[in-house]
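Undergrad: See coords_17.txt below, with compact mmCIF, C-alpha atoms and all ligand atoms.
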```txt
# COMPACT_ATOMS: atom_id res chain seq x y z
CA MET S 783 169.60 33.44 53.99
CA ALA S 784 170.04 32.99 50.26
CA THR S 785 173.33 34.06 48.74
CA THR S 786 172.86 37.23 46.79
CA TYR S 787 173.81 37.39 43.11
CA GLU S 788 176.36 40.06 43.98
CA GLU S 789 178.17 37.58 46.23
CA LEU S 790 178.50 34.93 43.53
CA SER S 791 181.60 34.55 41.39
CA LYS S 792 181.61 35.32 37.67
CA GLU S 793 181.68 31.57 36.88
CA GLU S 794 178.73 30.81 39.14
CA LEU S 795 176.75 33.64 37.62
CA LEU S 796 177.51 32.49 34.07
CA GLU S 797 176.30 29.01 34.92
CA ILE S 798 173.03 30.30 36.37
CA LYS S 799 172.64 32.57 33.37
CA SER S 800 172.87 29.75 30.87
CA GLU S 801 170.30 27.69 32.82
CA LEU S 802 167.95 30.68 32.96
CA GLU S 803 168.41 31.36 29.26
CA ALA S 804 167.42 27.80 28.41
CA GLU S 805 164.35 28.14 30.63
CA PHE S 806 163.49 31.45 29.03
CA GLU S 807 163.68 29.99 25.50
CA LYS S 808 161.29 27.23 26.52
CA VAL S 809 158.73 29.73 27.82
CA LYS S 810 159.18 31.90 24.76
CA ALA S 811 158.48 28.94 22.48
CA GLN S 812 155.04 28.56 24.05
CA GLY S 813 153.94 31.78 22.31
CA LEU S 814 152.07 33.02 25.37
CA LYS S 815 149.98 36.20 25.47
CA LEU S 816 149.73 37.59 28.98
CA ASP S 817 149.03 41.07 30.32
CA MET S 818 149.86 42.52 33.74
CA SER S 819 149.84 46.12 32.56
CA ARG S 820 146.62 47.83 33.59
CA GLY S 821 144.61 47.87 36.79
CA LYS S 822 141.39 46.64 35.27
CA PRO S 823 138.92 44.52 37.22
CA SER S 824 138.52 41.00 35.82
CA THR S 825 135.35 39.81 34.15
CA GLU S 826 134.58 37.81 37.28
CA GLN S 827 134.68 41.04 39.29
CA LEU S 828 132.47 42.85 36.80
CA ASN S 829 129.99 40.01 37.07
CA LEU S 830 129.64 40.73 40.80
CA SER S 831 127.64 43.85 39.99
CA MET S 832 125.33 42.40 37.35
CA GLY S 833 122.44 42.62 39.82
CA MET S 834 122.61 46.34 39.16
CA MET S 835 121.08 45.66 35.76
CA ASP S 836 117.96 44.31 37.45
CA VAL S 837 117.24 47.03 40.02
CA LEU S 838 115.72 49.24 37.34
CA ASN S 839 113.41 48.04 34.59
CA SER S 840 110.63 49.42 32.42
CA ASP S 841 108.19 49.27 35.36
CA SER S 842 110.49 51.09 37.81
CA ASP S 843 109.59 54.33 39.50
CA LEU S 844 112.47 56.57 38.42
CA VAL S 845 111.66 59.48 40.69
CA CYS S 846 114.51 60.30 43.09
CA GLU S 847 114.24 61.64 46.64
CA GLU S 848 114.10 65.23 45.40
CA GLY S 849 110.87 64.28 43.56
CA VAL S 850 112.55 64.67 40.17
CA ASP S 851 112.11 62.17 37.34
CA CYS S 852 115.67 60.88 36.80
CA ARG S 853 115.00 60.46 33.09
CA ASN S 854 114.65 64.21 32.70
CA TYR S 855 116.84 67.30 33.21
CA GLY S 856 117.40 68.67 36.68
CA VAL S 857 119.38 68.13 39.90
CA LEU S 858 122.71 69.49 38.69
CA ASP S 859 125.08 68.09 41.27
CA GLY S 860 123.70 64.63 42.01
CA ILE S 861 120.58 63.04 43.46
CA ARG S 862 120.30 62.93 47.24
CA GLU S 863 120.40 59.15 47.63
CA ALA S 864 123.58 58.83 45.51
CA LYS S 865 125.20 61.72 47.37
CA GLN S 866 124.49 59.98 50.67
CA LEU S 867 126.05 56.76 49.40
CA LEU S 868 129.21 58.43 48.11
CA ALA S 869 129.42 60.76 51.11
CA ASP S 870 129.52 57.72 53.38
CA MET S 871 132.06 56.05 51.12
CA MET S 872 134.22 59.19 51.18
CA GLU S 873 133.60 59.80 54.90
CA VAL S 874 132.31 63.37 54.47
CA PRO S 875 128.91 65.06 55.01
CA LYS S 876 126.70 64.82 51.93
CA GLU S 877 126.61 68.64 51.77
CA ASN S 878 130.29 68.46 50.82
CA ILE S 879 129.78 66.24 47.78
CA VAL S 880 129.17 66.96 44.13
CA ILE S 881 128.57 64.01 41.81
CA PHE S 882 129.80 64.10 38.25
CA GLY S 883 129.76 61.43 35.54
CA ASN S 884 131.39 58.04 35.65
CA SER S 885 135.06 59.00 35.99
CA SER S 886 136.97 60.65 38.83
CA LEU S 887 139.91 61.19 36.49
CA ASN S 888 137.59 63.31 34.39
CA ILE S 889 136.80 65.44 37.49
CA MET S 890 140.52 65.85 38.19
CA TYR S 891 141.11 66.94 34.60
CA ASP S 892 138.19 69.40 34.83
CA THR S 893 139.55 70.75 38.10
CA ILE S 894 142.95 71.49 36.58
CA ALA S 895 141.37 72.85 33.38
CA ARG S 896 139.15 75.22 35.39
CA SER S 897 142.11 76.40 37.46
CA MET S 898 144.06 77.09 34.27
CA THR S 899 141.34 79.11 32.54
CA HIS S 900 139.44 80.68 35.46
CA GLY S 901 141.61 80.34 38.55
CA VAL S 902 140.77 78.89 41.93
CA MET S 903 138.07 80.73 43.90
CA GLY S 904 138.84 84.12 42.35
CA SER S 905 142.64 83.91 42.16
CA THR S 906 144.62 84.52 38.95
CA PRO S 907 144.01 81.86 36.30
CA TRP S 908 147.06 79.63 36.15
CA CYS S 909 147.40 80.18 32.39
CA LYS S 910 148.26 83.82 33.10
CA LEU S 911 151.16 82.91 35.34
CA ASP S 912 154.70 82.45 34.07
CA LYS S 913 155.12 79.18 35.88
CA VAL S 914 152.83 76.66 37.52
CA LYS S 915 154.28 73.67 39.36
CA PHE S 916 152.90 70.51 40.91
CA LEU S 917 154.48 68.14 43.39
CA CYS S 918 154.35 64.52 42.33
CA PRO S 919 155.03 61.80 44.90
CA VAL S 920 156.94 59.05 43.07
CA PRO S 921 156.36 56.40 42.09
CA GLY S 922 152.80 57.49 41.34
CA TYR S 923 149.83 57.19 38.98
CA ASP S 924 150.74 57.81 35.33
CA ARG S 925 147.39 59.36 34.41
CA HIS S 926 147.76 62.06 37.08
CA PHE S 927 151.08 62.99 35.59
CA SER S 928 149.63 63.00 32.06
CA ILE S 929 147.05 65.61 33.07
CA THR S 930 149.58 68.03 34.53
CA GLU S 931 151.97 67.43 31.64
CA TYR S 932 149.18 68.13 29.14
CA PHE S 933 148.61 71.56 30.68
CA GLY S 934 152.31 72.40 30.69
CA ILE S 935 152.53 72.30 34.47
CA GLU S 936 156.05 71.62 35.69
CA MET S 937 156.21 68.48 37.78
CA ILE S 938 158.57 68.03 40.70
CA ASN S 939 159.31 64.54 42.02
CA VAL S 940 158.89 63.96 45.75
CA PRO S 941 160.04 60.55 47.00
CA MET S 942 157.50 58.26 48.64
CA THR S 943 158.38 56.72 52.00
CA PRO S 944 156.56 53.84 53.73
CA THR S 945 154.35 56.45 55.47
CA GLY S 946 153.54 58.61 52.43
CA PRO S 947 155.36 61.39 50.57
CA ASP S 948 158.51 62.76 52.22
CA MET S 949 156.80 65.52 54.22
CA ASP S 950 159.99 67.41 55.03
CA ILE S 951 160.37 68.08 51.31
CA VAL S 952 156.65 68.77 50.78
CA GLU S 953 156.53 71.32 53.64
CA LYS S 954 159.68 73.07 52.52
CA LEU S 955 158.64 73.42 48.88
CA VAL S 956 154.96 74.26 49.46
CA SER S 957 155.72 76.98 52.01
CA SER S 958 158.47 78.63 49.98
CA ASP S 959 157.38 78.57 46.33
CA PRO S 960 154.14 80.34 45.30
CA ALA S 961 154.35 78.69 41.85
CA ILE S 962 153.54 75.34 43.47
CA LYS S 963 149.79 75.03 43.11
CA GLY S 964 149.12 71.44 43.94
CA ILE S 965 150.21 67.94 44.84
CA TRP S 966 148.91 64.63 43.51
CA CYS S 967 148.15 62.15 46.29
CA VAL S 968 146.77 58.61 46.32
CA PRO S 969 146.59 58.40 50.11
CA LYS S 970 145.26 54.89 50.59
CA TYR S 971 146.64 51.73 49.02
CA SER S 972 148.56 54.03 46.69
CA ASN S 973 149.05 53.40 43.01
CA PRO S 974 151.50 51.68 42.57
CA GLN S 975 153.00 50.84 46.00
CA GLY S 976 149.88 50.13 48.04
CA ILE S 977 151.08 52.50 50.76
CA THR S 978 148.61 54.22 53.11
CA TYR S 979 149.59 57.62 54.49
CA SER S 980 150.24 57.53 58.24
CA ASP S 981 148.33 59.66 60.75
CA GLU S 982 151.36 61.91 61.05
CA THR S 983 151.55 62.41 57.30
CA VAL S 984 147.86 63.39 57.11
CA HIS S 985 148.27 65.76 60.06
CA ARG S 986 151.26 67.38 58.38
CA PHE S 987 149.28 67.77 55.15
CA ALA S 988 146.45 69.50 57.01
CA LYS S 989 148.96 71.82 58.72
CA LEU S 990 150.68 72.92 55.49
CA ASN S 991 151.17 76.65 55.10
CA PRO S 992 151.32 77.15 51.35
CA ALA S 993 152.99 80.18 49.81
CA ALA S 994 150.22 80.13 47.17
CA GLU S 995 146.67 80.99 48.30
CA ASP S 996 145.35 78.76 45.51
CA PHE S 997 147.43 75.71 46.46
CA ARG S 998 145.29 72.58 46.62
CA ILE S 999 145.95 69.01 47.71
CA PHE S 1000 144.55 66.66 45.05
CA TRP S 1001 143.55 63.77 47.32
CA ASP S 1002 142.59 60.92 45.01
CA ASN S 1003 141.14 58.31 47.32
CA ALA S 1004 140.48 55.83 44.51
CA TYR S 1005 141.05 52.80 46.77
CA GLY S 1006 139.41 53.92 50.01
CA ILE S 1007 137.44 50.72 50.64
CA HIS S 1008 139.43 48.35 48.43
CA HIS S 1009 140.86 46.08 51.11
CA LEU S 1010 142.31 42.64 50.40
CA TYR S 1011 141.91 41.22 53.90
CA GLU S 1012 139.17 41.46 56.50
CA ASP S 1013 141.55 41.18 59.42
CA LYS S 1014 144.39 43.35 58.11
CA GLN S 1015 143.21 46.76 56.91
CA ASP S 1016 144.85 50.14 56.67
CA TYR S 1017 143.17 53.23 58.16
CA LEU S 1018 143.42 56.71 56.78
CA ILE S 1019 142.53 59.90 58.61
CA GLU S 1020 139.81 61.88 56.83
CA ILE S 1021 141.56 64.90 55.33
CA LEU S 1022 138.67 67.32 54.74
CA MET S 1023 137.79 67.49 58.43
CA GLU S 1024 141.46 67.58 59.37
CA CYS S 1025 142.09 70.60 57.12
CA LYS S 1026 139.03 72.33 58.58
CA LYS S 1027 140.30 71.74 62.11
CA GLU S 1028 143.64 73.28 61.16
CA GLY S 1029 141.97 76.38 59.73
CA HIS S 1030 142.54 75.42 56.06
CA PRO S 1031 139.08 74.22 55.01
CA ASP S 1032 139.63 75.04 51.34
CA MET S 1033 143.05 73.45 50.91
CA VAL S 1034 141.93 70.02 49.68
CA TYR S 1035 139.90 68.43 46.90
CA LYS S 1036 138.99 64.80 47.42
CA PHE S 1037 138.13 62.54 44.52
CA SER S 1038 136.67 59.08 44.33
CA SER S 1039 134.50 56.83 42.20
CA THR S 1040 132.83 53.46 42.11
CA SER S 1041 134.91 52.40 39.09
CA LYS S 1042 136.41 49.46 40.96
CA ILE S 1043 133.30 48.80 43.03
CA SER S 1044 130.65 48.57 40.31
CA PHE S 1045 131.85 49.14 36.73
CA PRO S 1046 134.85 51.18 35.53
CA GLY S 1047 132.93 51.90 32.34
CA SER S 1048 129.80 53.12 34.08
CA GLY S 1049 130.21 53.84 37.73
CA ILE S 1050 129.66 57.16 39.46
CA ALA S 1051 132.33 59.64 40.53
CA ALA S 1052 132.39 62.54 42.96
CA ILE S 1053 134.43 65.39 44.33
CA ALA S 1054 134.30 66.29 48.02
CA ALA S 1055 135.43 69.74 49.15
CA SER S 1056 134.58 72.74 51.32
CA THR S 1057 131.40 74.77 50.75
CA GLU S 1058 133.41 77.61 49.14
CA ASN S 1059 135.26 75.29 46.79
CA LEU S 1060 132.04 73.56 45.77
CA LYS S 1061 130.40 76.94 45.10
CA ALA S 1062 133.16 77.75 42.60
CA ILE S 1063 132.90 74.28 41.06
CA ARG S 1064 129.13 74.56 40.59
CA GLU S 1065 129.59 77.91 38.78
CA GLN S 1066 131.49 76.07 36.08
CA MET S 1067 129.38 72.95 36.25
CA LYS S 1068 126.15 74.77 35.45
CA ILE S 1069 127.71 76.04 32.21
CA GLN S 1070 129.20 72.67 31.37
CA THR S 1071 126.10 70.49 31.74
CA ILE S 1072 122.40 70.45 32.64
CA GLY S 1073 123.11 67.39 34.69
CA HIS S 1074 124.95 64.07 34.67
CA ASP S 1075 123.47 60.57 34.34
CA LYS S 1076 120.90 60.40 37.14
CA VAL S 1077 119.50 57.04 36.11
CA ASN S 1078 122.91 55.53 36.79
CA GLN S 1079 123.10 57.35 40.11
CA LEU S 1080 119.70 55.93 41.04
CA ARG S 1081 120.76 52.45 39.95
CA HIS S 1082 123.80 52.62 42.23
CA ALA S 1083 121.82 53.95 45.19
CA ARG S 1084 119.11 51.30 44.87
CA TYR S 1085 121.55 48.46 44.27
CA PHE S 1086 123.94 49.10 47.16
CA LYS S 1087 121.23 50.65 49.40
CA ASP S 1088 123.82 52.11 51.75
CA ILE S 1089 127.50 52.00 52.67
CA HIS S 1090 127.02 48.67 54.48
CA GLY S 1091 125.80 47.13 51.22
CA MET S 1092 128.87 48.51 49.50
CA VAL S 1093 131.26 47.22 52.16
CA GLN S 1094 129.74 43.73 51.89
CA HIS S 1095 130.10 43.92 48.12
CA MET S 1096 133.79 44.83 48.46
CA LYS S 1097 134.42 41.62 50.38
CA LYS S 1098 133.44 39.70 47.25
CA HIS S 1099 135.96 41.70 45.24
CA ALA S 1100 138.59 40.95 47.89
CA ASP S 1101 137.88 37.22 47.65
CA ILE S 1102 138.70 37.37 43.94
CA MET S 1103 141.71 39.70 44.26
CA ARG S 1104 143.43 38.12 47.28
CA PRO S 1105 144.55 34.86 45.62
CA LYS S 1106 145.96 36.88 42.72
CA PHE S 1107 148.04 39.11 44.96
CA ASP S 1108 149.10 36.06 46.95
CA ALA S 1109 150.17 34.26 43.76
CA VAL S 1110 152.38 37.15 42.64
CA LEU S 1111 153.86 37.77 46.10
CA GLU S 1112 154.50 34.09 46.72
CA THR S 1113 156.37 33.72 43.41
CA LEU S 1114 158.42 36.87 43.98
CA GLU S 1115 159.41 35.70 47.44
CA ARG S 1116 160.19 32.12 46.36
CA GLU S 1117 162.14 33.03 43.23
CA ILE S 1118 163.99 36.21 44.06
CA GLY S 1119 163.63 36.77 47.80
CA GLY S 1120 167.11 37.29 49.26
CA LEU S 1121 168.90 37.45 45.89
CA GLY S 1122 169.46 41.19 46.25
CA ILE S 1123 168.04 41.95 42.82
CA GLY S 1124 164.75 43.61 43.69
CA SER S 1125 162.42 44.78 46.41
CA TRP S 1126 158.67 45.11 46.79
CA LEU S 1127 155.97 45.66 49.40
CA ALA S 1128 153.00 43.42 50.21
CA PRO S 1129 150.02 45.79 50.10
CA ARG S 1130 146.84 45.27 52.11
CA GLY S 1131 144.60 46.67 49.42
CA GLY S 1132 144.35 48.52 46.15
CA TYR S 1133 145.23 47.21 42.71
CA PHE S 1134 149.00 47.08 42.41
CA ILE S 1135 152.31 45.68 43.53
CA SER S 1136 155.31 47.91 42.94
CA PHE S 1137 158.65 46.31 42.13
CA ASP S 1138 162.00 48.06 42.39
CA ALA S 1139 164.71 46.41 40.31
CA LEU S 1140 168.43 47.17 40.43
CA PRO S 1141 169.04 50.67 39.02
CA GLY S 1142 169.18 50.75 35.24
CA CYS S 1143 167.28 47.46 34.83
CA ALA S 1144 163.55 48.29 34.65
CA LYS S 1145 163.30 49.06 30.93
CA LYS S 1146 165.31 45.97 30.03
CA ILE S 1147 163.18 43.75 32.29
CA VAL S 1148 159.93 44.98 30.72
CA ALA S 1149 161.41 44.44 27.24
CA LYS S 1150 162.63 40.97 28.17
CA ALA S 1151 159.22 39.96 29.53
CA LYS S 1152 157.62 41.16 26.31
CA GLU S 1153 159.86 38.83 24.30
CA ALA S 1154 158.16 35.96 26.12
CA GLY S 1155 154.68 37.35 25.52
CA LEU S 1156 154.11 39.21 28.80
CA VAL S 1157 152.97 42.83 28.64
CA MET S 1158 153.86 44.95 31.68
CA THR S 1159 153.20 48.67 32.31
CA ASP S 1160 155.96 50.60 30.52
CA ALA S 1161 158.96 51.16 32.76
CA GLY S 1162 159.08 54.85 33.68
CA ALA S 1163 155.29 55.24 33.55
CA THR S 1164 155.13 55.66 37.32
CA PHE S 1165 157.17 58.88 37.06
CA PRO S 1166 156.41 62.34 35.59
CA TYR S 1167 157.33 62.61 31.91
CA GLY S 1168 157.75 58.82 31.88
CA LYS S 1169 161.26 59.25 33.27
CA ASP S 1170 162.33 57.15 36.20
CA PRO S 1171 165.72 58.66 37.13
CA GLN S 1172 166.87 55.29 38.48
CA ASP S 1173 165.18 53.19 35.76
CA SER S 1174 164.17 50.88 38.55
CA ASN S 1175 160.39 50.89 39.21
CA ILE S 1176 157.96 48.47 37.57
CA ARG S 1177 154.23 48.36 38.32
CA ILE S 1178 152.58 44.95 38.51
CA ALA S 1179 148.82 44.84 38.01
CA PRO S 1180 147.47 41.44 39.08
CA SER S 1181 143.72 42.04 38.76
CA TYR S 1182 142.84 41.19 35.16
CA PRO S 1183 144.45 37.81 34.36
CA THR S 1184 143.16 34.61 35.97
CA THR S 1185 145.15 33.24 38.92
CA GLU S 1186 146.54 30.49 36.65
CA GLU S 1187 147.66 33.02 34.03
CA LEU S 1188 149.17 35.16 36.77
CA LYS S 1189 151.30 32.34 38.04
CA VAL S 1190 152.80 31.86 34.56
CA ALA S 1191 153.09 35.62 34.05
CA THR S 1192 154.96 36.08 37.33
CA GLU S 1193 157.31 33.22 36.46
CA ILE S 1194 158.16 35.02 33.21
CA PHE S 1195 158.61 38.24 35.13
CA VAL S 1196 161.02 36.76 37.67
CA LEU S 1197 162.98 35.02 34.91
CA SER S 1198 163.32 38.38 33.16
CA VAL S 1199 164.39 40.08 36.40
CA LYS S 1200 167.02 37.42 37.05
CA LEU S 1201 168.46 37.50 33.53
CA VAL S 1202 168.68 41.28 33.31
CA SER S 1203 170.12 41.55 36.83
CA ILE S 1204 172.78 38.92 36.15
CA GLU S 1205 173.86 40.78 33.04
CA LYS S 1206 174.19 43.98 35.04
CA ILE S 1207 176.16 42.32 37.83
CA LEU S 1208 178.40 40.46 35.36
CA ALA S 1209 179.22 43.73 33.64
CA SER S 1210 180.65 45.05 36.90
CA LYS S 1211 182.69 41.93 37.78
N1 LIG S 1301 142.91 57.31 40.45
C1 LIG S 1301 143.72 56.26 40.62
C2 LIG S 1301 144.78 56.33 41.66
C3 LIG S 1301 143.57 55.12 39.84
O1 LIG S 1301 144.41 54.09 40.01
C4 LIG S 1301 142.55 55.08 38.86
C5 LIG S 1301 142.32 53.87 37.99
N2 LIG S 1301 143.41 53.18 37.58
C6 LIG S 1301 141.74 56.20 38.70
C7 LIG S 1301 141.93 57.29 39.52
C8 LIG S 1301 140.68 56.25 37.66
O2 LIG S 1301 139.46 56.48 38.24
P1 LIG S 1301 138.13 56.68 37.43
O3 LIG S 1301 137.78 55.39 36.80
O4 LIG S 1301 137.16 57.10 38.48
O5 LIG S 1301 138.36 57.76 36.41
```
Show me, as structure tokens, the structure contained in the file I just sent.
TA:
Amino acid sequence: MATTYEELSKEELLEIKSELEAEFEKVKAQGLKLDMSRGKPSTEQLNLSMGMMDVLNSDSDLVCEEGVDCRNYGVLDGIREAKQLLADMMEVPKENIVIFGNSSLNIMYDTIARSMTHGVMGSTPWCKLDKVKFLCPVPGYDRHFSITEYFGIEMINVPMTPTGPDMDIVEKLVSSDPAIKGIWCVPKYSNPQGITYSDETVHRFAKLNPAAEDFRIFWDNAYGIHHLYEDKQDYLIEILMECKKEGHPDMVYKFSSTSKISFPGSGIAAIAASTENLKAIREQMKIQTIGHDKVNQLRHARYFKDIHGMVQHMKKHADIMRPKFDAVLETLEREIGGLGIGSWLAPRGGYFISFDALPGCAKKIVAKAKEAGLVMTDAGATFPYGKDPQDSNIRIAPSYPTTEELKVATEIFVLSVKLVSIEKILASK
């Protein structure tokens, strides 16, 4: 067992500090420019899907299974072959799917916007209510929180546990407060911790008895098939069926997209929900558009062929992502494992590693790393309103840099963690 920094004397800490400072100055002098801030696929990953550019050309038959020419108007909620592909990816019947454009975040925004202006399946529009609240498992995805903040929805933090959100708190709040209209969830390989909700958590979600009739679970399964390992994968119970079994078929909206399967800039995205929910969604959709990009839907369906094609494709992504995750985790373990200055989980999939520093250190660590040319996600971003009450959580996104760049970036990160932590510990000695 390594000695923790807390156990060292003031003199020992000062000595380590001066060594680390010298090291830090050396790195800083290199004038590096590194970025571990956003969960973007690397160019190498984008190149995996370039075959998609060849499945359609000027000689292609662009008529979809419905017999409609994909170049023209028609087929409001997605062509049959693309629905089948995404239904299999989202583990629901294709009758429960509506395809939108390229972004699932856009569907989530639309879903909240529609609830604000027109209500949920006939209930009072949220904008007419004095107060609308959302539960936000933390740490979580900053862009979810931005949507609810934008609409003036009050966000309530719910702590994450290794099996998902703290369900005792979720049950208590949802069943007692009719102003709570929703909860943001990333149930598999969560952003940022990489946690997958346990069977018990999913069962408890499906059994919720909300005080509000228009309460919905916003189940953003962005990383459903984004495993890192073939032999170590997480499993998630399918929530739509589970809610139906429990007599709450309308309580959940599921979202997903191919952003991190094909192209984030031009994938396809879908919502999955009950027949009644989808009926209400289509009412709005038919006013909003005459139809989304069917040529792109056709391109995806013909390229992947079926879910097996997609699963095979994801193995190629995993082969690129795995060494990057390994590089970050290996450096964290080697450099700060056992020092008592931070904790993290080793996820089996998804796009992120979440790091918890000593309380009050996250902002300083991110600022320190920036001094040496490393851009991290802003500290606080993983919490509603950008406010981490502990100032502790930092999201690490290993996908975009090369493995070599990542190694250097993680070295800068751990140096920053050590320096900031030593200062904090020294201040209390
Ligand atoms: N949900 C989560 C949890 C994400 O991490 C991301 C991408 N970072 C998105 C949604 C965005 O999805 P899309 O590209 O489909 O809008």
Undergrad: Per residue of chain S within 8 Å of ligand LIG 1301 (chain S), which atom pair is closest and at what distance in Å (one decimal), using only C-alpha atoms and all ligand atoms, listed by chain and increasing number, as a Markdown table?
TA:
```
| residue | atom | partner | partner_atom | distance |
| --- | --- | --- | --- | --- |
| S:Arg820 | CA | S:LIG1301 | N2 | 7.4 |
| S:Gly821 | CA | S:LIG1301 | N2 | 5.5 |
| S:Lys822 | CA | S:LIG1301 | N2 | 7.2 |
| S:Asn884 | CA | S:LIG1301 | O4 | 6.5 |
| S:Ser885 | CA | S:LIG1301 | O5 | 3.6 |
| S:Ser886 | CA | S:LIG1301 | O4 | 3.6 |
| S:Leu887 | CA | S:LIG1301 | O5 | 3.8 |
| S:Asn888 | CA | S:LIG1301 | O5 | 6.0 |
| S:Ile889 | CA | S:LIG1301 | O5 | 7.9 |
| S:Tyr923 | CA | S:LIG1301 | C2 | 5.8 |
| S:Arg925 | CA | S:LIG1301 | C7 | 7.8 |
| S:His926 | CA | S:LIG1301 | N1 | 7.6 |
| S:Val968 | CA | S:LIG1301 | C2 | 5.6 |
| S:Ser972 | CA | S:LIG1301 | C2 | 6.7 |
| S:Asn973 | CA | S:LIG1301 | C2 | 5.4 |
| S:Pro974 | CA | S:LIG1301 | O1 | 7.9 |
| S:Asp1002 | CA | S:LIG1301 | N1 | 5.8 |
| S:Asn1003 | CA | S:LIG1301 | C2 | 7.0 |
| S:Ala1004 | CA | S:LIG1301 | N1 | 5.0 |
| S:Tyr1005 | CA | S:LIG1301 | C2 | 7.2 |
| S:Ser1038 | CA | S:LIG1301 | O4 | 6.2 |
| S:Ser1039 | CA | S:LIG1301 | O4 | 4.6 |
| S:Thr1040 | CA | S:LIG1301 | O4 | 6.7 |
| S:Ser1041 | CA | S:LIG1301 | O3 | 4.7 |
| S:Lys1042 | CA | S:LIG1301 | O3 | 7.4 |
| S:Pro1046 | CA | S:LIG1301 | O3 | 5.3 |
| S:Gly1047 | CA | S:LIG1301 | O3 | 7.5 |
| S:Gly1049 | CA | S:LIG1301 | O4 | 7.7 |
| S:Ile1050 | CA | S:LIG1301 | O4 | 7.6 |
| S:Ala1051 | CA | S:LIG1301 | O4 | 5.8 |
| S:Tyr1133 | CA | S:LIG1301 | O1 | 7.4 |
```
Undergrad: First collect every listed atom of stretch 999-1016 of chain S; then fit an axis-aligned box around them, widen it by 5 Å on each side, and give centre and edge lengths in Å to one decimal, as AutoDock Vina command-line options.
TA:
```
--center_x 141.7 --center_y 55.1 --center_z 52.0 --size_x 18.5 --size_y 37.8 --size_z 24.9
```
Undergrad: So, with only C-alpha atoms as the atoms that count, which of S:Ser819, S:Gln1079, S:Thr1113, S:Ser1203 lies closest to S:Leu868?
TA: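 Once distances to S:Leu868 are computed over only C-alpha atoms, the minimum belongs to S:Gln1079.
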Undergrad: Atom CA of S:Lys808 and atom CA of S:Glu1153, how far apart in Å?
TA: 11.9 Å
Undergrad: Rounded to one decimal place, report the atom CA of S:Pro941-atom CA of S:Pro919 distance in Å.
TA: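 Separating atom CA of S:Pro941 from atom CA of S:Pro919 is a distance of 5.6 Å.
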Undergrad: Show me the residues close to (151.4, 47.2, 47.9) - anything with an atom within 8 Å, counting all atoms listed in the file - and format the list as an NGL selection string.
TA: :S and (971-972 or 974-977 or 1126-1132 or 1134-1136)
Undergrad: List the spatial neighbours of S:Asp1032 as a compact mmCIF listing (two decimals) with C-alpha atoms, in the coordinates of the input - criterion: any atom at most 9 Å away, only C-alpha atoms, same-chain residues fewer than 4 positions off excluded.
TA:
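Listed below is the output, around-v3.txt:
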```txt
# COMPACT_ATOMS: atom_id res chain seq x y z
CA ASP S 996 145.35 78.76 45.51
CA ARG S 998 145.29 72.58 46.62
CA LEU S 1022 138.67 67.32 54.74
CA CYS S 1025 142.09 70.60 57.12
CA LYS S 1026 139.03 72.33 58.58
CA ALA S 1055 135.43 69.74 49.15
CA SER S 1056 134.58 72.74 51.32
CA THR S 1057 131.40 74.77 50.75
CA GLU S 1058 133.41 77.61 49.14
CA ASN S 1059 135.26 75.29 46.79
```
Undergrad: Pick from S:Asp959, S:Glu1205, S:Asp841, S:Asp1138: nearest to S:Arg1177, with all atoms listed in the file counted?
TA: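 Using all atoms listed in the file, the shortest distance to S:Arg1177 belongs to S:Asp1138.
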Undergrad: Calculated over all atoms listed in the file, which of the candidates S:Leu1080, S:Ile938, S:Ile1178, S:Met1096 has the smallest distance to S:Met835?
TA: S:Leu1080
Undergrad: Taking (162.5, 31.4, 38.5) in the file's coordinates as the center, which residues reach within 12 Å of it, counting all atoms listed in the file, put as an MDAnalysis selection string?
TA: chainID S and resid 798:799 801:806 809 1112:1119 1121 1189:1201
Undergrad: Between S:Ala1139, S:Ala1179, S:Ala988, S:Val1077, which one has atoms that come closest to S:Val1110, using all atoms listed in the file?
TA: S:Ala1179
Undergrad: Provide the atom CA of S:Lys1076 to atom CA of S:Glu826 distance in Å, to one decimal place.
TA: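 Straight-line distance from atom CA of S:Lys1076 to atom CA of S:Glu826 works out to 26.4 Å.
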Undergrad: I need the residue nearest S:Asp950 from this list: S:Phe987, S:Trp908, S:Trp1001, S:Tyr1167. Use only C-alpha atoms for the distance.
TA: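 For S:Asp950, the nearest of the candidates is S:Phe987.
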Undergrad: Give the answer as one residue: which of S:Ser1125, S:Lys1206, S:Pro1183, S:Pro921 has the shortest atom-to-atom distance to S:Ala1161, using all atoms listed in the file?
TA: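 Nearest candidate to S:Ala1161 out of S:Ser1125, S:Lys1206, S:Pro1183, S:Pro921: S:Pro921.
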Undergrad: Got a sec: who's within 12 Å of S:Leu955, counting all atoms listed in the file, leaving out chain neighbours fewer than 2 positions off, as number ranges by chain?
TA: S: 915-918, 938-940, 948-953, 957-965, 990-994, 997
Undergrad: Please provide the set of residues having any atom within 10 Å of S:Gly856, restricted to all atoms listed in the file, with same-chain residues fewer than 5 positions apart removed, written as a ChimeraX atom specification.
TA: /S:848,850-851,861,1072-1074,1076
